[in-house]
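**Q** So that we are looking at the same thing, I have put the structure below in structure tokens.
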Amino acid sequence: MKDLGERLAAQGVHTLVAQFTDVLGVARGKFVPLAHLDDLLTEGAGFSGPSITGTGLPRCGPRSEYWARGAASTAVALPWLPGYARIVCDGFVAGEPFESCPRQVLRRQVARLQAKGWHLRTGIEPEFFLLKQVAGRWLPADDADRLRKPSYDLKSLPRQRGFLQSLQRALEACGLDVLQLDHEDAHGQYEVNFGHDEVLASADHLMLFKQAAHALAEEQGMVFSMMPKPFADQPGSGLHFHVSLWSGLALDRNGNARNLFVPHRPDGALDAAGQLSLLGQHFAAGVLAHSAALCALAAPTVNSYKRLGVGESISGTTWAPAYVAQGPNNRTALVRTLHGRFEWRLPDASANPYLISAALIAAGLDGIERDLHLPAAVEDDLFALSLDQVRERGLALLPQDLGAALDALAVDPVIAAALGPALLTQFLQLKREEFTAHARHISDWELDRYAAAF
């Protein structure tokens with residue numbers, strides 16, 4: 001701890017950002033003077049438990065206090081906030097790991113993998129919008145970003161180079177491997193890709209990315225948004241996961257951990273033409289089998305289902321899955337299989353990275369434990385099929401609203417157990433309140449259509 005304190009002080013750090021994540025996936029925390037680093041790493045910083053969304057903690061008594069205990073390995077100076085360093089914290093209550101802390105939920109699933117000598121690696125691909133508000137309307141921050149098919153546009157991308165370069169440099173200074181940045185398929189929409197990492201670290205990186213992007217966009221007079229679908233006629237923002245399972249026990253010839261999803265032929269040689277090993281197929285099959293319940297976590301807002309709905313956009317496609325299907329390099333499927341990994345295309349940008357990672361592990365392990373088999377691969381463009389053709393193929397439709405997804409989560413014992421009863425209860429309550437409030441809301445569309453119609 002002394003060495004860490006001295007290293008941070010040498011970097012000009014005077015204050016720690018003790019950061020944890022609430023059930024909704026929002027960063028919370030407080031500032032702690034560097035002189036109290038030891039306290040943060042041992043006891044933690046104290047918070048009023050019931051003031052944090054989704055804890056369900058009482059307003060008085062020994063369980064009313066929420067302690068955010070820092071993980072020393074996560075300490076990093078923040079380039080966009082000189083003099084400050086973030087430390088990721090785990091939640092504790094009454095001296096014990098708090099079962100409803102999202103990071104603790106993920107830790108429990110990571111422990112299940114570790115018991116088997118495994119670890120999961122994920123590559124998370126956040127899509128986001130840069131917006132501004134004009135006369136009460138939300139618009140793309142770049143007025144000239146108007147192409148009908150804006151993906152990879154090298155006119156609008158350079159116009160945001162100031163923000164994107166600042167973001168890239170900030171993330172790289174924090175140790176993230178930024179692979180690429182691009183303009184996505186909607187006006188004002190962008191994507192940043194990071195290198196793959198162990199699943200807990202990937203979730204930590206995603207939260208760091210969000211904090212950097214919010215701050216840097218605000219500096220330039222813009223709003224960084226991970227709202228799933230801000231514009232009805234354009235694609236929404238996904239949070240795609242590239243997933244692979246590794247073993248620290250079964251080593252390759254060079255003594256490195258082995259990717260257990262890489263397929264091999266019966267003679268033991270690498271199957272370069274294959275997609276997933278049998279273990280990988282079982283894992284992916286578990287993810288597909290629990291898709292309805294996973295929707296509640298991966299698409300956790302009422303707006304999420306505007307992204308997942310069947311239909312087109314001005315660019316020609318939504319790029320969001322609507323059916324429970326898998327296929328080799330098929331971006332219209334829920335699971336896109338690749339050599340030694342798969343891409344899980346269900347999550348959107350509003351998802352809590354810890355909860356969806358934990359649920360992903362639970363679903364995959366269930367697939368392995370039950371030897372589930374992948375459904376037949378779909379190589380067709382699913383967006384081009386009619387509903388009758390989809391039914392003929394026996395493809396299940398994902399929940400079409402948050403209420404249906406919450407109902408599926410409530411009756412899925414595997415995903416429910418991964419969350420734990422306390423967090424599950426709080427999550428369902430919060431999200432059902434959100435769904436009901438939206439259902440009761442009278443929109444401008446309704447008034448325009450019905451007010452003088454009858």
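Starting from 1 in every chain, residues are counted up; chains themselves are A, B, ... following the order of the structure tokens, and ligands are numbered from 1 as listed.
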For region 70-80 of chain A, please output as a ChimeraX atom specification all residues within 8 Å (counting only C-alpha atoms; exclusion window: fewer than 3 positions along the same chain).

**A** /A:1,4,8,11,13,18,40-42,44,83-90,170,173-174,212,215-216

**Q** Please produce a file of those selected residues containing C-alpha atoms, as a PDB file, in the first residue's frame.

**A**
```
ATOM      1  CA  MET A   1       0.000   0.000   0.000  1.00  0.00           C
ATOM      2  CA  LEU A   4       1.086   2.417  -4.326  1.00  0.00           C
ATOM      3  CA  LEU A   8       0.412   7.868  -7.120  1.00  0.00           C
ATOM      4  CA  GLN A  11       2.256  11.140 -10.534  1.00  0.00           C
ATOM      5  CA  VAL A  13      -2.223  12.495  -7.453  1.00  0.00           C
ATOM      6  CA  ALA A  18     -13.552   5.765  -4.911  1.00  0.00           C
ATOM      7  CA  LEU A  40      -9.996   2.875   1.394  1.00  0.00           C
ATOM      8  CA  LEU A  41      -8.205  -0.406   0.671  1.00  0.00           C
ATOM      9  CA  THR A  42      -8.883  -2.013   4.057  1.00  0.00           C
ATOM     10  CA  GLY A  44     -13.485   1.281   2.559  1.00  0.00           C
ATOM     11  CA  GLY A  83      -4.489  15.138  -9.578  1.00  0.00           C
ATOM     12  CA  TYR A  84      -7.132  12.409  -9.291  1.00  0.00           C
ATOM     13  CA  ALA A  85      -6.868   8.611  -9.553  1.00  0.00           C
ATOM     14  CA  ARG A  86      -9.717   6.140  -9.834  1.00  0.00           C
ATOM     15  CA  ILE A  87      -9.884   3.043  -7.664  1.00  0.00           C
ATOM     16  CA  VAL A  88     -12.625   0.525  -8.427  1.00  0.00           C
ATOM     17  CA  CYS A  89     -14.486  -0.552  -5.306  1.00  0.00           C
ATOM     18  CA  ASP A  90     -16.453  -3.611  -4.223  1.00  0.00           C
ATOM     19  CA  ALA A 170      -6.928   9.205 -22.037  1.00  0.00           C
ATOM     20  CA  ALA A 173      -2.801   6.486 -20.554  1.00  0.00           C
ATOM     21  CA  CYS A 174      -4.984   4.390 -18.238  1.00  0.00           C
ATOM     22  CA  ALA A 212     -13.813   9.504 -19.556  1.00  0.00           C
ATOM     23  CA  ALA A 215     -16.186  14.248 -19.024  1.00  0.00           C
ATOM     24  CA  LEU A 216     -14.435  14.827 -22.356  1.00  0.00           C
TER      25      LEU A 216
END
```

**Q** Run DSSP on the backbone and grab whatever in region 201-349 of chain A lands in alpha helix (DSSP H); send it over as an MDAnalysis selection string.

**A** chainID A and resid 201:219 278:289 291:298 304:308

**Q** Within 9 Å of Tyr152 (chain A), counting only C-alpha atoms, which residues show up once you throw out same-chain ones fewer than 4 positions away? Write them as a PyMOL selection string, please.

**A** chain A and resi 156-157+182-185

**Q** Skip Ala273 (chain A) itself and residues of its chain fewer than 5 positions away, then list as a PyMOL selection string all residues within 12 Å of it, counting only C-alpha atoms.

**A** chain A and resi 262-265+328+338-340

**Q** Write the residues of the preceding selection, restricted to N, CA and C atoms, as a PDB file, in the first residue's frame.

**A**
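What landed in selection-v9.pdb:
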```pdb
ATOM      1  N   VAL A 262     -11.338 -22.923 -29.089  1.00  0.00           N
ATOM      2  CA  VAL A 262     -10.722 -23.228 -30.388  1.00  0.00           C
ATOM      3  C   VAL A 262     -10.978 -24.689 -30.730  1.00  0.00           C
ATOM      4  N   PRO A 263     -11.520 -24.978 -31.917  1.00  0.00           N
ATOM      5  CA  PRO A 263     -11.842 -26.368 -32.276  1.00  0.00           C
ATOM      6  C   PRO A 263     -10.608 -27.146 -32.725  1.00  0.00           C
ATOM      7  N   HIS A 264     -10.623 -28.455 -32.448  1.00  0.00           N
ATOM      8  CA  HIS A 264      -9.560 -29.357 -32.884  1.00  0.00           C
ATOM      9  C   HIS A 264     -10.166 -30.565 -33.580  1.00  0.00           C
ATOM     10  N   ARG A 265      -9.408 -31.138 -34.484  1.00  0.00           N
ATOM     11  CA  ARG A 265      -9.842 -32.352 -35.178  1.00  0.00           C
ATOM     12  C   ARG A 265      -9.696 -33.556 -34.254  1.00  0.00           C
ATOM     13  N   PRO A 328     -22.446 -18.655 -38.515  1.00  0.00           N
ATOM     14  CA  PRO A 328     -21.040 -18.303 -38.734  1.00  0.00           C
ATOM     15  C   PRO A 328     -20.908 -16.919 -39.366  1.00  0.00           C
ATOM     16  N   LEU A 338     -17.472 -17.302 -34.518  1.00  0.00           N
ATOM     17  CA  LEU A 338     -16.199 -17.022 -35.171  1.00  0.00           C
ATOM     18  C   LEU A 338     -15.206 -18.094 -34.718  1.00  0.00           C
ATOM     19  N   HIS A 339     -14.020 -18.082 -35.282  1.00  0.00           N
ATOM     20  CA  HIS A 339     -13.036 -19.104 -34.924  1.00  0.00           C
ATOM     21  C   HIS A 339     -12.523 -18.856 -33.502  1.00  0.00           C
ATOM     22  N   GLY A 340     -12.870 -19.750 -32.585  1.00  0.00           N
ATOM     23  CA  GLY A 340     -12.369 -19.672 -31.220  1.00  0.00           C
ATOM     24  C   GLY A 340     -13.073 -18.672 -30.329  1.00  0.00           C
TER      25      GLY A 340
END
```

**Q** Find the spatial neighbours of region 280-292 of chain A, counting only C-alpha atoms, within a cut-off of 6 Å - ignore same-chain residues fewer than 6 positions away - and output them as a list in words.

**A**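 In the requested format, the answer is Phe261, Ala363, Gly364, Asp366, Gly367, Ile368, Asp371, Leu372, His373, Leu374, Ala405 and Ala408 of chain A.
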
**Q** I need the residues from that last selection saved to file as an mmCIF file, in the first residue's frame (with C-alpha atoms), if you can.

**A**
```
data_model
loop_
_atom_site.group_PDB
_atom_site.id
_atom_site.type_symbol
_atom_site.label_atom_id
_atom_site.label_comp_id
_atom_site.auth_asym_id
_atom_site.auth_seq_id
_atom_site.Cartn_x
_atom_site.Cartn_y
_atom_site.Cartn_z
ATOM 1 C CA PHE A 261 -13.248 -22.492 -27.623
ATOM 2 C CA ALA A 363 -25.959 -19.179 -18.869
ATOM 3 C CA GLY A 364 -22.808 -20.573 -20.496
ATOM 4 C CA ASP A 366 -25.554 -24.129 -17.591
ATOM 5 C CA GLY A 367 -25.086 -25.014 -21.260
ATOM 6 C CA ILE A 368 -21.878 -26.883 -20.432
ATOM 7 C CA ASP A 371 -24.461 -30.596 -22.633
ATOM 8 C CA LEU A 372 -26.775 -28.326 -24.583
ATOM 9 C CA HIS A 373 -26.380 -28.343 -28.346
ATOM 10 C CA LEU A 374 -26.425 -25.338 -30.590
ATOM 11 C CA ALA A 405 -38.222 -9.712 -20.530
ATOM 12 C CA ALA A 408 -38.810 -14.227 -18.322
#
```

**Q** In Å, with one decimal, what is the gap from CA of Gln400 (chain A) to CA of Ala232 (chain A)?

**A** 15.6 Å

**Q** Find the distance between CA of Phe224 (chain A) and CA of Asn193 (chain A) and write it in Å to one decimal.

**A**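 CA of Asn193 (chain A) lies at a distance of 16.4 Å from CA of Phe224 (chain A).
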
**Q** List the spatial neighbours of region 31-39 of chain A as number ranges by chain - criterion: any atom at most 6 Å away, only C-alpha atoms, same-chain residues fewer than 4 positions off excluded.

**A** A: 14-17, 43-44

**Q** Show me a table, sorted first by chain and then by increasing residue number, of the residues of region 43-138 of chain A having an atom at most 8 Å from region 196-210 of chain A, each with its shortest atom pair and the distance in Å to one decimal, counting only C-alpha atoms and written as a Markdown table.

**A**
```
| residue | atom | partner | partner_atom | distance |
| --- | --- | --- | --- | --- |
| A:Val88 | CA | A:Asp204 | CA | 7.3 |
| A:Arg103 | CA | A:Leu200 | CA | 7.9 |
| A:Leu106 | CA | A:Leu200 | CA | 7.2 |
| A:Arg107 | CA | A:Leu200 | CA | 7.5 |
| A:Val110 | CA | A:Leu200 | CA | 7.9 |
| A:His119 | CA | A:Glu198 | CA | 7.0 |
| A:Leu120 | CA | A:Val199 | CA | 5.6 |
| A:Arg121 | CA | A:Glu198 | CA | 4.4 |
| A:Thr122 | CA | A:His196 | CA | 5.3 |
| A:Gly123 | CA | A:His196 | CA | 4.1 |
| A:Ile124 | CA | A:Ser202 | CA | 7.0 |
| A:Pro126 | CA | A:Leu206 | CA | 7.9 |
```

**Q** Now that the selection is made, can you save its residues with N, CA and C atoms as a PDB file, in the first residue's frame?

**A**
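The resulting out19.pdb:
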```pdb
ATOM      1  N   VAL A  88     -11.357   1.251  -8.354  1.00  0.00           N
ATOM      2  CA  VAL A  88     -12.625   0.525  -8.427  1.00  0.00           C
ATOM      3  C   VAL A  88     -12.889  -0.137  -7.084  1.00  0.00           C
ATOM      4  N   ARG A 103     -20.509  -5.735  -8.859  1.00  0.00           N
ATOM      5  CA  ARG A 103     -19.164  -6.289  -9.036  1.00  0.00           C
ATOM      6  C   ARG A 103     -18.992  -7.561  -8.210  1.00  0.00           C
ATOM      7  N   LEU A 106     -20.610 -10.405 -10.129  1.00  0.00           N
ATOM      8  CA  LEU A 106     -19.705 -10.948 -11.150  1.00  0.00           C
ATOM      9  C   LEU A 106     -18.585 -11.754 -10.501  1.00  0.00           C
ATOM     10  N   ARG A 107     -18.065 -11.297  -9.382  1.00  0.00           N
ATOM     11  CA  ARG A 107     -17.007 -12.052  -8.696  1.00  0.00           C
ATOM     12  C   ARG A 107     -17.470 -13.472  -8.361  1.00  0.00           C
ATOM     13  N   VAL A 110     -17.226 -15.497 -11.492  1.00  0.00           N
ATOM     14  CA  VAL A 110     -15.814 -15.710 -11.817  1.00  0.00           C
ATOM     15  C   VAL A 110     -15.241 -16.819 -10.937  1.00  0.00           C
ATOM     16  N   HIS A 119     -11.017 -19.223 -17.005  1.00  0.00           N
ATOM     17  CA  HIS A 119     -11.361 -17.804 -16.921  1.00  0.00           C
ATOM     18  C   HIS A 119     -11.946 -17.360 -18.255  1.00  0.00           C
ATOM     19  N   LEU A 120     -12.851 -16.404 -18.176  1.00  0.00           N
ATOM     20  CA  LEU A 120     -13.524 -15.898 -19.364  1.00  0.00           C
ATOM     21  C   LEU A 120     -12.873 -14.591 -19.789  1.00  0.00           C
ATOM     22  N   ARG A 121     -12.661 -14.471 -21.085  1.00  0.00           N
ATOM     23  CA  ARG A 121     -12.149 -13.224 -21.647  1.00  0.00           C
ATOM     24  C   ARG A 121     -13.244 -12.609 -22.519  1.00  0.00           C
ATOM     25  N   THR A 122     -13.409 -11.304 -22.377  1.00  0.00           N
ATOM     26  CA  THR A 122     -14.407 -10.608 -23.173  1.00  0.00           C
ATOM     27  C   THR A 122     -13.784  -9.385 -23.845  1.00  0.00           C
ATOM     28  N   GLY A 123     -14.265  -9.114 -25.034  1.00  0.00           N
ATOM     29  CA  GLY A 123     -13.948  -7.883 -25.742  1.00  0.00           C
ATOM     30  C   GLY A 123     -15.249  -7.122 -25.894  1.00  0.00           C
ATOM     31  N   ILE A 124     -15.396  -6.008 -25.177  1.00  0.00           N
ATOM     32  CA  ILE A 124     -16.644  -5.253 -25.177  1.00  0.00           C
ATOM     33  C   ILE A 124     -16.527  -4.097 -26.170  1.00  0.00           C
ATOM     34  N   PRO A 126     -18.353  -0.840 -27.131  1.00  0.00           N
ATOM     35  CA  PRO A 126     -19.405   0.156 -26.860  1.00  0.00           C
ATOM     36  C   PRO A 126     -19.670   1.062 -28.059  1.00  0.00           C
TER      37      PRO A 126
END
```

**Q** Which polymer residues have any atom within 12 Å of an atom of Glu433 (chain A), counting only C-alpha atoms, with same-chain residues fewer than 5 positions away left out, as a PDB file with C-alpha atoms, in the first residue's frame?

**A**
```pdb
ATOM      1  CA  THR A 301     -34.706  -0.056 -20.498  1.00  0.00           C
ATOM      2  CA  VAL A 302     -38.038   0.529 -22.219  1.00  0.00           C
ATOM      3  CA  LEU A 402     -39.222  -4.796 -21.111  1.00  0.00           C
ATOM      4  CA  GLY A 403     -42.243  -6.254 -19.316  1.00  0.00           C
ATOM      5  CA  LEU A 406     -38.721  -9.110 -16.805  1.00  0.00           C
ATOM      6  CA  GLN A 426     -34.646  -4.900  -6.340  1.00  0.00           C
ATOM      7  CA  PHE A 427     -33.979  -5.112 -10.077  1.00  0.00           C
ATOM      8  CA  LEU A 428     -37.435  -6.446 -10.889  1.00  0.00           C
ATOM      9  CA  HIS A 438     -43.703   4.351 -19.537  1.00  0.00           C
ATOM     10  CA  ALA A 439     -46.946   2.511 -20.263  1.00  0.00           C
ATOM     11  CA  ARG A 440     -48.931   5.233 -18.467  1.00  0.00           C
TER      12      ARG A 440
END
```

**Q** From region 225-269 of chain A, collect each residue whose DSSP state is strand (DSSP E or B) and return the set as a ChimeraX atom specification.

**A** /A:225,238-251,257-259,264

**Q** Just the number, please: distance in Å from CA of Met227 (chain A) to CA of Asp380 (chain A), one decimal.

**A** 29.5 Å

**Q** Smallest atom-to-atom distance to Arg146 (chain A): which of A:Gly162, A:Pro50, A:Gly195, A:Gly188, using only C-alpha atoms?

**A**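 The shortest atom-to-atom distance to Arg146 (chain A) comes from A:Gly188.
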